[in-house]
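Next comes model29.json, with JSON, C-alpha atoms.
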```json
[["chain", "number", "residue", "atom", "x", "y", "z"],
["A", 410, "MET", "CA", 46.59, -23.46, 48.57],
["A", 411, "ARG", "CA", 44.02, -26.19, 48.69],
["A", 412, "ASN", "CA", 44.82, -27.08, 52.27],
["A", 413, "GLU", "CA", 44.32, -23.52, 53.30],
["A", 414, "GLU", "CA", 41.00, -23.25, 51.51],
["A", 415, "GLU", "CA", 39.39, -26.35, 52.93],
["A", 416, "PRO", "CA", 39.27, -25.47, 56.59],
["A", 417, "ASN", "CA", 37.91, -22.11, 55.52],
["A", 418, "LYS", "CA", 35.10, -23.77, 53.62],
["A", 419, "GLU", "CA", 34.33, -26.05, 56.52],
["A", 420, "GLY", "CA", 34.20, -23.07, 58.83],
["A", 421, "GLN", "CA", 31.75, -21.41, 56.48],
["A", 422, "GLU", "CA", 29.57, -24.48, 56.37],
["A", 423, "ASP", "CA", 29.56, -24.70, 60.18],
["A", 424, "GLN", "CA", 28.59, -21.08, 60.29],
["A", 425, "SER", "CA", 25.71, -21.45, 57.87],
["A", 426, "GLN", "CA", 24.46, -24.53, 59.70],
["A", 427, "ALA", "CA", 24.59, -22.67, 63.00],
["A", 428, "LYS", "CA", 22.75, -19.79, 61.36],
["A", 429, "ALA", "CA", 20.00, -22.07, 60.08],
["A", 430, "LEU", "CA", 19.68, -23.62, 63.53],
["A", 431, "MET", "CA", 19.46, -20.18, 65.13],
["A", 432, "GLN", "CA", 16.73, -19.23, 62.67],
["A", 433, "LYS", "CA", 14.73, -22.30, 63.54],
["A", 434, "ILE", "CA", 15.09, -21.69, 67.27],
["A", 435, "GLN", "CA", 13.98, -18.09, 66.77],
["A", 436, "GLN", "CA", 11.01, -19.04, 64.58],
["A", 437, "LEU", "CA", 9.74, -22.12, 66.32],
["A", 438, "GLY", "CA", 11.42, -22.10, 69.69],
["A", 439, "GLN", "CA", 13.00, -25.50, 69.04],
["A", 440, "SER", "CA", 15.98, -26.86, 67.23],
["A", 441, "GLN", "CA", 14.38, -29.86, 65.54],
["A", 442, "VAL", "CA", 11.01, -29.81, 63.81],
["A", 443, "ALA", "CA", 9.03, -32.93, 64.65],
["A", 444, "GLN", "CA", 9.13, -35.36, 61.76],
["A", 445, "ALA", "CA", 5.85, -36.95, 60.82],
["A", 446, "PRO", "CA", 5.91, -40.62, 59.82],
["A", 447, "ASP", "CA", 5.94, -41.38, 56.09],
["A", 448, "SER", "CA", 2.52, -40.98, 54.55],
["A", 449, "ASN", "CA", 1.01, -44.06, 52.90],
["A", 450, "ILE", "CA", -1.20, -41.81, 50.78],
["A", 451, "HIS", "CA", 0.38, -39.60, 48.17],
["A", 452, "ILE", "CA", -1.15, -36.66, 46.36],
["A", 453, "LEU", "CA", -1.01, -35.63, 42.72],
["A", 454, "PRO", "CA", -1.93, -31.97, 42.34],
["A", 455, "ILE", "CA", -3.11, -31.10, 38.83],
["A", 456, "ILE", "CA", -3.32, -27.33, 38.59],
["A", 457, "GLY", "CA", -3.50, -24.68, 35.89],
["A", 458, "GLN", "CA", -2.85, -25.70, 32.31],
["A", 459, "ILE", "CA", -1.88, -29.23, 31.43],
["A", 460, "GLU", "CA", 1.27, -28.75, 29.43],
["A", 461, "GLY", "CA", 1.98, -30.98, 26.46],
["A", 462, "HIS", "CA", 4.57, -30.95, 23.73],
["A", 463, "VAL", "CA", 5.04, -27.17, 23.78],
["A", 464, "GLN", "CA", 6.29, -25.29, 26.79],
["A", 465, "LEU", "CA", 3.78, -22.62, 27.79],
["A", 466, "PRO", "CA", 4.81, -19.11, 28.87],
["A", 467, "PRO", "CA", 5.60, -18.90, 32.62],
["A", 468, "LYS", "CA", 2.60, -16.62, 33.26],
["A", 469, "ASN", "CA", 0.50, -19.79, 33.05],
["A", 470, "LYS", "CA", 0.48, -22.13, 35.98],
["A", 471, "THR", "CA", 1.18, -25.47, 34.43],
["A", 472, "THR", "CA", 1.25, -29.16, 35.21],
["A", 473, "LYS", "CA", 3.85, -30.93, 33.13],
["A", 474, "TYR", "CA", 3.30, -34.53, 32.11],
["A", 475, "GLU", "CA", 7.03, -35.23, 32.20],
["A", 476, "HIS", "CA", 6.79, -34.60, 35.95],
["A", 477, "LEU", "CA", 3.55, -36.45, 36.60],
["A", 478, "ILE", "CA", 4.12, -39.64, 34.65],
["A", 479, "PRO", "CA", 7.38, -40.65, 36.42],
["A", 480, "GLN", "CA", 5.72, -39.76, 39.73],
["A", 481, "ILE", "CA", 2.85, -42.14, 38.94],
["A", 482, "ILE", "CA", 5.37, -44.90, 38.14],
["A", 483, "ALA", "CA", 7.17, -44.19, 41.43],
["A", 484, "ILE", "CA", 3.85, -44.40, 43.31],
["A", 485, "GLU", "CA", 3.09, -47.74, 41.62],
["A", 486, "GLN", "CA", 6.52, -49.13, 42.49],
["A", 487, "ASN", "CA", 6.89, -47.92, 46.08],
["A", 488, "PRO", "CA", 5.44, -50.55, 48.44],
["A", 489, "LYS", "CA", 5.06, -47.94, 51.22],
["A", 490, "ILE", "CA", 2.54, -45.97, 49.16],
["A", 491, "GLU", "CA", -0.89, -47.58, 49.34],
["A", 492, "GLY", "CA", -3.18, -44.98, 47.80],
["A", 493, "LEU", "CA", -3.32, -41.88, 45.64],
["A", 494, "ILE", "CA", -5.42, -38.73, 45.83],
["A", 495, "VAL", "CA", -5.65, -36.62, 42.68],
["A", 496, "LEU", "CA", -6.44, -32.96, 43.34],
["A", 497, "LEU", "CA", -7.83, -31.12, 40.33],
["A", 498, "ASN", "CA", -8.11, -27.42, 39.74],
["A", 499, "THR", "CA", -7.35, -27.17, 36.06],
["A", 500, "VAL", "CA", -8.51, -25.21, 33.04],
["A", 501, "GLY", "CA", -7.66, -27.99, 30.63],
["A", 502, "GLY", "CA", -4.77, -28.04, 28.22],
["A", 503, "ASP", "CA", -3.07, -30.38, 25.80],
["A", 504, "VAL", "CA", -5.32, -33.27, 24.73],
["A", 505, "GLU", "CA", -2.60, -35.89, 24.38],
["A", 506, "ALA", "CA", -0.87, -35.00, 27.64],
["A", 507, "GLY", "CA", -4.21, -35.03, 29.46],
["A", 508, "LEU", "CA", -5.16, -38.40, 28.03],
["A", 509, "ALA", "CA", -1.70, -39.78, 28.87],
["A", 510, "ILE", "CA", -2.08, -38.73, 32.51],
["A", 511, "SER", "CA", -5.64, -40.14, 32.59],
["A", 512, "GLU", "CA", -4.53, -43.51, 31.24],
["A", 513, "MET", "CA", -1.65, -43.67, 33.71],
["A", 514, "ILE", "CA", -3.97, -42.99, 36.67],
["A", 515, "ALA", "CA", -6.59, -45.44, 35.36],
["A", 516, "SER", "CA", -4.04, -48.25, 34.99],
["A", 517, "LEU", "CA", -2.61, -47.80, 38.49],
["A", 518, "SER", "CA", -3.01, -50.96, 40.57],
["A", 519, "LYS", "CA", -3.32, -49.01, 43.84],
["A", 520, "PRO", "CA", -6.62, -47.41, 44.90],
["A", 521, "SER", "CA", -7.07, -43.83, 43.72],
["A", 522, "VAL", "CA", -9.58, -41.08, 44.48],
["A", 523, "SER", "CA", -9.96, -37.70, 42.80],
["A", 524, "ILE", "CA", -11.35, -34.43, 44.15],
["A", 525, "VAL", "CA", -12.44, -31.70, 41.75],
["A", 526, "LEU", "CA", -11.91, -28.35, 43.49],
["A", 527, "GLY", "CA", -12.73, -25.06, 41.82],
["A", 528, "GLY", "CA", -12.64, -26.32, 38.27],
["A", 529, "GLY", "CA", -11.94, -29.44, 36.28],
["A", 530, "HIS", "CA", -12.55, -28.13, 32.79],
["A", 531, "SER", "CA", -12.16, -29.69, 29.36],
["A", 532, "ILE", "CA", -9.29, -32.20, 29.48],
["A", 533, "GLY", "CA", -9.60, -32.13, 33.29],
["A", 534, "VAL", "CA", -12.79, -34.21, 32.87],
["A", 535, "PRO", "CA", -11.07, -37.46, 31.76],
["A", 536, "ILE", "CA", -8.44, -37.01, 34.51],
["A", 537, "ALA", "CA", -11.19, -36.58, 37.13],
["A", 538, "VAL", "CA", -12.98, -39.77, 36.07],
["A", 539, "ALA", "CA", -9.77, -41.81, 35.63],
["A", 540, "THR", "CA", -9.53, -42.66, 39.34],
["A", 541, "ASP", "CA", -11.38, -45.55, 41.01],
["A", 542, "TYR", "CA", -13.72, -43.13, 42.76],
["A", 543, "SER", "CA", -14.32, -39.43, 42.16],
["A", 544, "TYR", "CA", -15.50, -36.54, 44.30],
["A", 545, "ILE", "CA", -16.50, -33.02, 43.41],
["A", 546, "VAL", "CA", -16.96, -30.22, 45.92],
["A", 547, "GLU", "CA", -20.32, -28.48, 45.74],
["A", 548, "THR", "CA", -18.97, -25.27, 44.27],
["A", 549, "ALA", "CA", -16.66, -26.81, 41.67],
["A", 550, "THR", "CA", -17.50, -26.73, 37.98],
["A", 551, "MET", "CA", -16.54, -28.78, 34.95],
["A", 552, "THR", "CA", -16.87, -27.21, 31.51],
["A", 553, "ILE", "CA", -17.71, -29.73, 28.81],
["A", 554, "HIS", "CA", -17.31, -28.33, 25.29],
["A", 555, "PRO", "CA", -16.12, -29.53, 21.88],
["A", 556, "VAL", "CA", -12.43, -29.73, 21.01],
["A", 557, "ARG", "CA", -11.49, -26.70, 18.92],
["A", 558, "MET", "CA", -8.52, -25.49, 17.02],
["A", 559, "ASN", "CA", -7.04, -22.15, 16.07],
["A", 560, "GLY", "CA", -4.80, -21.12, 13.20],
["A", 561, "LEU", "CA", -4.23, -22.24, 9.65],
["A", 562, "VAL", "CA", -6.22, -25.21, 8.36],
["A", 563, "ILE", "CA", -4.88, -27.15, 5.39],
["A", 564, "GLY", "CA", -7.44, -29.61, 4.05],
["A", 565, "VAL", "CA", -10.76, -29.04, 5.75],
["A", 566, "PRO", "CA", -12.23, -32.60, 5.52],
["A", 567, "GLN", "CA", -9.03, -34.21, 6.85],
["A", 568, "THR", "CA", -8.73, -31.69, 9.68],
["A", 569, "PHE", "CA", -12.37, -32.19, 10.58],
["A", 570, "GLU", "CA", -11.91, -35.96, 10.68],
["A", 571, "TYR", "CA", -8.79, -35.59, 12.82],
["A", 572, "MET", "CA", -10.60, -33.33, 15.28],
["A", 573, "GLU", "CA", -13.55, -35.69, 15.34],
["A", 574, "LYS", "CA", -11.24, -38.58, 16.23],
["A", 575, "MET", "CA", -9.52, -36.52, 18.89],
["A", 576, "GLN", "CA", -12.90, -35.76, 20.40],
["A", 577, "GLU", "CA", -13.95, -39.42, 20.19],
["A", 578, "ARG", "CA", -10.88, -40.41, 22.23],
["A", 579, "VAL", "CA", -11.88, -38.01, 25.00],
["A", 580, "LEU", "CA", -15.56, -39.07, 24.89],
["A", 581, "ASP", "CA", -14.68, -42.78, 24.88],
["A", 582, "PHE", "CA", -12.39, -42.44, 27.85],
["A", 583, "VAL", "CA", -14.94, -40.47, 29.89],
["A", 584, "THR", "CA", -17.86, -42.82, 29.13],
["A", 585, "SER", "CA", -15.82, -45.96, 29.85],
["A", 586, "HIS", "CA", -14.52, -44.64, 33.20],
["A", 587, "SER", "CA", -17.70, -43.03, 34.55],
["A", 588, "ASN", "CA", -21.42, -43.76, 34.70],
["A", 589, "ILE", "CA", -22.47, -41.14, 32.17],
["A", 590, "GLU", "CA", -24.19, -42.27, 28.95],
["A", 591, "GLU", "CA", -22.44, -41.31, 25.73],
["A", 592, "GLU", "CA", -25.60, -39.62, 24.43],
["A", 593, "LYS", "CA", -25.90, -37.51, 27.58],
["A", 594, "LEU", "CA", -22.25, -36.46, 27.40],
["A", 595, "LYS", "CA", -22.64, -35.46, 23.75],
["A", 596, "ASP", "CA", -25.78, -33.49, 24.60],
["A", 597, "LEU", "CA", -23.86, -31.58, 27.25],
["A", 598, "MET", "CA", -20.94, -31.03, 24.89],
["A", 599, "PHE", "CA", -23.05, -29.54, 22.10],
["A", 600, "ALA", "CA", -25.67, -27.72, 24.19],
["A", 601, "LYS", "CA", -26.46, -24.18, 23.07],
["A", 602, "GLY", "CA", -27.13, -21.16, 25.22],
["A", 603, "ASN", "CA", -25.23, -22.20, 28.34],
["A", 604, "LEU", "CA", -21.87, -20.62, 27.56],
["A", 605, "THR", "CA", -21.78, -17.08, 26.21],
["A", 606, "ARG", "CA", -19.10, -17.49, 23.56],
["A", 607, "ASP", "CA", -19.16, -21.20, 22.97],
["A", 608, "ILE", "CA", -21.33, -24.27, 22.83],
["A", 609, "GLY", "CA", -21.17, -26.69, 25.72],
["A", 610, "THR", "CA", -22.23, -26.86, 29.35],
["A", 611, "ASN", "CA", -20.82, -25.69, 32.64],
["A", 612, "VAL", "CA", -21.61, -28.60, 34.96],
["A", 613, "ILE", "CA", -21.68, -27.68, 38.66],
["A", 614, "GLY", "CA", -21.01, -30.04, 41.61],
["A", 615, "ASP", "CA", -24.42, -31.65, 42.18],
["A", 616, "ASP", "CA", -25.21, -31.83, 38.47],
["A", 617, "ALA", "CA", -21.96, -33.66, 37.72],
["A", 618, "VAL", "CA", -23.09, -36.36, 40.17],
["A", 619, "LYS", "CA", -26.64, -36.36, 38.77],
["A", 620, "TYR", "CA", -25.37, -36.94, 35.21],
["A", 621, "GLY", "CA", -23.17, -39.81, 36.43],
["A", 622, "LEU", "CA", -19.94, -38.07, 35.52],
["A", 623, "ILE", "CA", -18.64, -37.96, 39.11],
["A", 624, "ASN", "CA", -19.43, -40.52, 41.84],
["A", 625, "GLU", "CA", -20.21, -38.25, 44.77],
["A", 626, "VAL", "CA", -20.24, -34.69, 46.13],
["A", 627, "GLY", "CA", -17.64, -34.34, 48.88],
["A", 628, "GLY", "CA", -14.34, -32.93, 49.99],
["A", 629, "VAL", "CA", -11.12, -33.98, 51.67],
["A", 630, "SER", "CA", -12.56, -35.95, 54.59],
["A", 631, "HIS", "CA", -14.86, -37.96, 52.29],
["A", 632, "ALA", "CA", -12.02, -38.70, 49.92],
["A", 633, "MET", "CA", -9.65, -39.79, 52.69],
["A", 634, "LYS", "CA", -12.30, -42.02, 54.25],
["A", 635, "LYS", "CA", -13.12, -43.65, 50.92],
["A", 636, "LEU", "CA", -9.46, -44.16, 50.07],
["A", 637, "LYS", "CA", -8.75, -45.76, 53.47],
["A", 638, "GLU", "CA", -11.70, -48.12, 52.94],
["A", 639, "MET", "CA", -10.39, -49.06, 49.53],
["A", 640, "ILE", "CA", -6.87, -49.60, 50.88],
["A", 641, "ASP", "CA", -8.24, -51.87, 53.63],
["A", 642, "SER", "CA", -10.35, -53.95, 51.25],
["A", 643, "ASN", "CA", -7.33, -54.18, 48.94],
["A", 644, "LYS", "CA", -5.26, -55.54, 51.84],
["A", 645, "ASP", "CA", -8.00, -58.03, 52.78],
["A", 646, "GLN", "CA", -8.10, -59.32, 49.23],
["A", 647, "GLN", "CA", -4.35, -59.70, 49.13],
["A", 648, "SER", "CA", -4.21, -61.59, 52.43],
["A", 649, "GLU", "CA", -7.05, -63.88, 51.28],
["A", 650, "GLY", "CA", -5.18, -64.51, 48.07],
["A", 651, "SER", "CA", -2.01, -65.48, 49.92],
["A", 652, "MET", "CA", -3.98, -67.82, 52.23],
["A", 653, "ILE", "CA", -5.33, -69.74, 49.26],
["A", 654, "GLN", "CA", -1.83, -70.15, 47.88],
["B", 566, "MET", "CA", -0.80, -29.87, 19.46],
["B", 567, "ILE", "CA", -4.48, -29.44, 20.21],
["B", 568, "HIS", "CA", -5.35, -27.38, 23.22],
["B", 569, "TYR", "CA", -8.60, -28.37, 24.92],
["B", 570, "THR", "CA", -9.47, -25.53, 27.29],
["B", 571, "PRO", "CA", -12.22, -22.94, 27.77],
["B", 572, "LEU", "CA", -9.57, -20.17, 27.76],
["B", 573, "SER", "CA", -8.80, -18.35, 24.54],
["B", 574, "GLU", "CA", -5.45, -18.74, 22.82],
["B", 575, "PHE", "CA", -4.45, -15.17, 23.62],
["B", 576, "ASP", "CA", -4.81, -15.79, 27.34],
["B", 577, "ILE", "CA", -2.31, -18.62, 27.20],
["B", 578, "ILE", "CA", 0.29, -17.68, 24.63],
["B", 579, "GLU", "CA", 2.50, -14.61, 24.94],
["B", 580, "ASP", "CA", 5.36, -13.50, 22.76],
["B", 581, "ASP", "CA", 7.78, -12.23, 25.37],
["B", 582, "PRO", "CA", 10.68, -14.73, 25.38],
["B", 583, "SER", "CA", 12.45, -13.06, 28.32],
["B", 584, "SER", "CA", 9.82, -14.35, 30.73],
["B", 585, "TYR", "CA", 11.16, -17.89, 30.30],
["B", 586, "GLU", "CA", 14.62, -17.00, 31.58],
["B", 587, "ASN", "CA", 13.73, -16.13, 35.15],
["B", 588, "ASN", "CA", 11.72, -19.26, 35.83],
["B", 589, "LYS", "CA", 13.56, -22.51, 36.43],
["B", 590, "ILE", "CA", 12.92, -25.97, 37.77],
["B", 591, "ILE", "CA", 15.61, -27.10, 40.17],
["B", 592, "SER", "CA", 16.32, -29.97, 42.51],
["B", 593, "LEU", "CA", 17.42, -29.22, 46.06],
["B", 594, "LYS", "CA", 17.94, -31.80, 48.82],
["B", 595, "GLY", "CA", 16.12, -34.39, 46.75],
["B", 596, "ARG", "CA", 13.03, -32.28, 46.11],
["B", 597, "THR", "CA", 12.08, -30.76, 42.79],
["B", 598, "MET", "CA", 10.72, -27.25, 42.80],
["B", 599, "LYS", "CA", 9.87, -24.33, 40.56],
["B", 600, "VAL", "CA", 11.89, -21.23, 41.37],
["B", 601, "GLN", "CA", 11.88, -17.67, 40.15],
["B", 602, "LYS", "CA", 15.08, -15.62, 39.91],
["B", 603, "MET", "CA", 14.90, -12.36, 41.82],
["B", 604, "ASP", "CA", 16.66, -9.11, 40.97],
["B", 605, "ASP", "CA", 19.40, -9.67, 43.56],
["B", 606, "GLY", "CA", 20.35, -13.05, 42.07],
["B", 607, "ASN", "CA", 18.68, -15.18, 44.74],
["B", 608, "PHE", "CA", 15.87, -17.58, 43.92],
["B", 609, "GLN", "CA", 12.39, -17.71, 45.39],
["B", 610, "ILE", "CA", 10.42, -20.95, 45.53],
["B", 611, "THR", "CA", 7.15, -20.60, 43.63],
["B", 612, "GLN", "CA", 5.95, -24.20, 43.65],
["B", 613, "LEU", "CA", 7.04, -27.46, 45.20],
["B", 614, "LEU", "CA", 6.65, -30.46, 42.91],
["B", 615, "SER", "CA", 6.12, -33.48, 45.09],
["B", 616, "THR", "CA", 3.53, -36.18, 45.66],
["B", 617, "ASP", "CA", 4.50, -36.67, 49.31],
["B", 618, "PRO", "CA", 2.13, -34.60, 51.49],
["B", 619, "GLN", "CA", 4.82, -34.41, 54.22],
["B", 620, "ASP", "CA", 7.11, -32.43, 51.92],
["B", 621, "TYR", "CA", 4.62, -29.59, 51.95],
["B", 622, "LEU", "CA", 4.95, -29.31, 55.74],
["B", 623, "ASP", "CA", 8.74, -28.96, 55.54],
["B", 624, "THR", "CA", 9.49, -25.36, 56.51],
["B", 625, "ASP", "CA", 12.54, -25.26, 54.21],
["B", 626, "PHE", "CA", 10.41, -25.65, 51.08],
["B", 627, "ILE", "CA", 7.40, -23.43, 51.70],
["B", 628, "PRO", "CA", 6.61, -21.40, 48.58],
["B", 629, "GLY", "CA", 7.99, -17.90, 49.03],
["B", 630, "THR", "CA", 11.17, -19.14, 50.73],
["B", 631, "ILE", "CA", 14.20, -17.36, 49.35],
["B", 632, "LEU", "CA", 17.11, -19.58, 48.42],
["B", 633, "SER", "CA", 20.52, -17.95, 48.42],
["B", 634, "LEU", "CA", 23.48, -19.30, 46.48],
["B", 635, "GLN", "CA", 24.80, -20.81, 49.72],
["B", 636, "ASP", "CA", 21.88, -23.23, 49.76],
["B", 637, "PHE", "CA", 22.99, -24.66, 46.45],
["B", 638, "GLN", "CA", 26.59, -25.20, 47.57],
["B", 639, "GLU", "CA", 25.69, -27.39, 50.52]]
```
Show this structure as structure tokens.
Amino acid sequence: MRNEEEPNKEGQEDQSQAKALMQKIQQLGQSQVAQAPDSNIHILPIIGQIEGHVQLPPKNKTTKYEHLIPQIIAIEQNPKIEGLIVLLNTVGGDVEAGLAISEMIASLSKPSVSIVLGGGHSIGVPIAVATDYSYIVETATMTIHPVRMNGLVIGVPQTFEYMEKMQERVLDFVTSHSNIEEEKLKDLMFAKGNLTRDIGTNVIGDDAVKYGLINEVGGVSHAMKKLKEMIDSNKDQQSEGSMIQ
Amino acid sequence: MIHYTPLSEFDIIEDDPSSYENNKIISLKGRTMKVQKMDDGNFQITQLLSTDPQDYLDTDFIPGTILSLQDFQE
């Protein structure tokens, strides 16, 4: 039986391979798509909600930290990868997952650059500032507002203290990884009248740079240029170091 | 879990558990991707999860590509 089945299976495989080849020839007029050389710059897209300990319904676009964190380790370990670009278009999400991703990016030994596109709200702010250099496109916004919670509260003073600490962790990370003053950041966070249903501020491109939150206004070409510069200076330092040894 | 987002809770959470079943994360030819099961049993790629920019140029993994069961047997 088995002997009869195997050639059949092989025949099927040949057929499907031939079919795939035919499709490619029809679509592109060639049998082999040109392979680009391996990229020395990798990208980390952070989109939608940042998903933490609870899986969110599939209607949300999510970024899962169990995907990102091993990828960051792989980027750190792979000698062929020399730089990282973080692309942000996020509406925030889980505080702990966001801080975990931020800390991982901040502790990367390879140069990293972030670009805030569209939005980098709430927990997206620490991720945006975690890289060595940060860009925001002119039209992008970052909403800075206090950490809130919904649902049943047991023990108001304890819960308040816990939330306060949670917020401190976010504030500390942002102030230590960007040029913004803590006072300024708190002012933005508790500003009234800017958001219709909440307190806080919607910081737009230029303003984010003015406040010192983000390094510069710019897009892909700026980020690539900066990253290449950083990679080159990193290489120079390494070669100098080895000469001294 | 504390959610730090400008969206309201109702925009994020929904109670329909069946929506989880049709969305899966699979690995195919060494790449991880999010797929959605279609009515005819095939899967459609909704998102490619990769840090390598070259992977996004690979015509086999463009979001929207329909994967038949044959693809999984290879």
* Asked: Looking at only C-alpha atoms, which of A:Gly502, A:Gly627, A:Pro488, A:Pro466 is the one that sits closest to Ser448 of chain A?
  -> A:Pro488
* To do: Could you tell me which of B:Gln601, B:Thr611, B:Thr616, B:Thr624 comes closest to chain A if we count only C-alpha atoms?
  =>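 Distance minimum relative to chain A lands on B:Thr616.
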Give one line per residue of chain B that approaches chain A to at most 9 Å, naming the two atoms of the closest pair and their distance in Å to one decimal, counting all atoms listed in the file; sort by chain then ascending residue number and deliver it as JSON lines.
```
{"residue": "B:Met566", "atom": "CA", "partner": "A:Asp503", "partner_atom": "CA", "distance": 6.8}
{"residue": "B:Ile567", "atom": "CA", "partner": "A:Asp503", "partner_atom": "CA", "distance": 5.8}
{"residue": "B:His568", "atom": "CA", "partner": "A:Asp503", "partner_atom": "CA", "distance": 4.6}
{"residue": "B:Tyr569", "atom": "CA", "partner": "A:Gly502", "partner_atom": "CA", "distance": 5.1}
{"residue": "B:Thr570", "atom": "CA", "partner": "A:Gly501", "partner_atom": "CA", "distance": 4.5}
{"residue": "B:Pro571", "atom": "CA", "partner": "A:Val500", "partner_atom": "CA", "distance": 6.8}
{"residue": "B:Leu572", "atom": "CA", "partner": "A:Val500", "partner_atom": "CA", "distance": 7.4}
{"residue": "B:Glu574", "atom": "CA", "partner": "A:Asn559", "partner_atom": "CA", "distance": 7.7}
{"residue": "B:Asp576", "atom": "CA", "partner": "A:Asn469", "partner_atom": "CA", "distance": 8.8}
{"residue": "B:Ile577", "atom": "CA", "partner": "A:Asn469", "partner_atom": "CA", "distance": 6.6}
{"residue": "B:Ile578", "atom": "CA", "partner": "A:Pro466", "partner_atom": "CA", "distance": 6.4}
{"residue": "B:Glu579", "atom": "CA", "partner": "A:Pro466", "partner_atom": "CA", "distance": 6.4}
{"residue": "B:Asp580", "atom": "CA", "partner": "A:Pro466", "partner_atom": "CA", "distance": 8.3}
{"residue": "B:Asp581", "atom": "CA", "partner": "A:Pro466", "partner_atom": "CA", "distance": 8.3}
{"residue": "B:Pro582", "atom": "CA", "partner": "A:Pro466", "partner_atom": "CA", "distance": 8.1}
{"residue": "B:Ser584", "atom": "CA", "partner": "A:Pro467", "partner_atom": "CA", "distance": 6.5}
{"residue": "B:Tyr585", "atom": "CA", "partner": "A:Pro467", "partner_atom": "CA", "distance": 6.1}
{"residue": "B:Asn587", "atom": "CA", "partner": "A:Pro467", "partner_atom": "CA", "distance": 9.0}
{"residue": "B:Asn588", "atom": "CA", "partner": "A:Pro467", "partner_atom": "CA", "distance": 6.9}
{"residue": "B:Leu614", "atom": "CA", "partner": "A:His476", "partner_atom": "CA", "distance": 8.1}
{"residue": "B:Ser615", "atom": "CA", "partner": "A:Leu453", "partner_atom": "CA", "distance": 7.8}
{"residue": "B:Thr616", "atom": "CA", "partner": "A:Ile452", "partner_atom": "CA", "distance": 4.8}
{"residue": "B:Asp617", "atom": "CA", "partner": "A:His451", "partner_atom": "CA", "distance": 5.2}
{"residue": "B:Pro618", "atom": "CA", "partner": "A:His451", "partner_atom": "CA", "distance": 6.3}
{"residue": "B:Gln619", "atom": "CA", "partner": "A:Ser448", "partner_atom": "CA", "distance": 7.0}
{"residue": "B:Asp623", "atom": "CA", "partner": "A:Val442", "partner_atom": "CA", "distance": 8.6}
{"residue": "B:Thr624", "atom": "CA", "partner": "A:Val442", "partner_atom": "CA", "distance": 8.7}
{"residue": "B:Gln635", "atom": "CA", "partner": "A:Ser425", "partner_atom": "CA", "distance": 8.2}
{"residue": "B:Glu639", "atom": "CA", "partner": "A:Glu422", "partner_atom": "CA", "distance": 7.6}
```
* Asked: Neighbours of Leu622 of chain A within 7 Å (only C-alpha atoms; same-chain residues fewer than 2 positions away dropped), as a list in words?
  -> Ser587, Asn588, Ile589, Ala617, Val618, Tyr620 and Asn624 of chain A
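Here atom CA of Gly650 of chain A is placed at a distance of 16.2 Å from atom CA of Lys519 of chain A.
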* Who sits within 12 Å of Leu632 of chain B, only C-alpha atoms, same chain under 3 positions skipped, as an MDAnalysis selection string -> chainID B and resid 591:593 598:603 605:611 625:629 635:639
* To do: Record the distance separating atom CA of Gly614 of chain A and atom CA of Leu636 of chain A, expressed in Å with one decimal.
  => 20.1 Å
* Coordinates-based distance that separates atom CA of Asn498 of chain A from atom CA of Gly529 of chain A (Å, one decimal) -> 5.5 Å
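For Glu625 of chain A, the residues within 7 Å (counting all atoms listed in the file, excluding itself and residues fewer than 6 positions away along the chain) are Ser543, Tyr544, Ile545 and Val618 of chain A.
Using all atoms listed in the file, the smallest distance between any of B:Lys589, B:Ser573, B:Leu634, B:Ser583 and Leu613 of chain B comes from B:Lys589.
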For segment 515-523 of chain A, where the input has fewer atoms than it should, I would like N, CA and C atoms rebuilt and written as a PDB file, keeping the file's coordinate frame.
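Full text of rebuild_34.pdb as output:
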```pdb
ATOM      1  N   ALA A 515      -5.610 -44.357  35.476  1.00  0.00           N
ATOM      2  CA  ALA A 515      -6.590 -45.440  35.360  1.00  0.00           C
ATOM      3  C   ALA A 515      -5.931 -46.810  35.458  1.00  0.00           C
ATOM      4  N   SER A 516      -4.687 -46.932  34.991  1.00  0.00           N
ATOM      5  CA  SER A 516      -4.040 -48.250  34.990  1.00  0.00           C
ATOM      6  C   SER A 516      -3.207 -48.511  36.243  1.00  0.00           C
ATOM      7  N   LEU A 517      -3.303 -47.609  37.214  1.00  0.00           N
ATOM      8  CA  LEU A 517      -2.610 -47.800  38.490  1.00  0.00           C
ATOM      9  C   LEU A 517      -3.250 -48.951  39.263  1.00  0.00           C
ATOM     10  N   SER A 518      -2.422 -49.821  39.858  1.00  0.00           N
ATOM     11  CA  SER A 518      -3.010 -50.960  40.570  1.00  0.00           C
ATOM     12  C   SER A 518      -3.464 -50.554  41.977  1.00  0.00           C
ATOM     13  N   LYS A 519      -2.952 -49.455  42.486  1.00  0.00           N
ATOM     14  CA  LYS A 519      -3.320 -49.010  43.840  1.00  0.00           C
ATOM     15  C   LYS A 519      -4.594 -48.170  43.806  1.00  0.00           C
ATOM     16  N   PRO A 520      -5.378 -48.180  44.899  1.00  0.00           N
ATOM     17  CA  PRO A 520      -6.620 -47.410  44.900  1.00  0.00           C
ATOM     18  C   PRO A 520      -6.363 -45.910  44.711  1.00  0.00           C
ATOM     19  N   SER A 521      -7.240 -45.263  43.959  1.00  0.00           N
ATOM     20  CA  SER A 521      -7.070 -43.830  43.720  1.00  0.00           C
ATOM     21  C   SER A 521      -8.421 -43.122  43.826  1.00  0.00           C
ATOM     22  N   VAL A 522      -8.381 -41.899  44.332  1.00  0.00           N
ATOM     23  CA  VAL A 522      -9.580 -41.080  44.480  1.00  0.00           C
ATOM     24  C   VAL A 522      -9.255 -39.678  43.967  1.00  0.00           C
ATOM     25  N   SER A 523     -10.207 -39.060  43.264  1.00  0.00           N
ATOM     26  CA  SER A 523      -9.960 -37.700  42.800  1.00  0.00           C
ATOM     27  C   SER A 523     -10.923 -36.726  43.465  1.00  0.00           C
TER      28      SER A 523
END
```
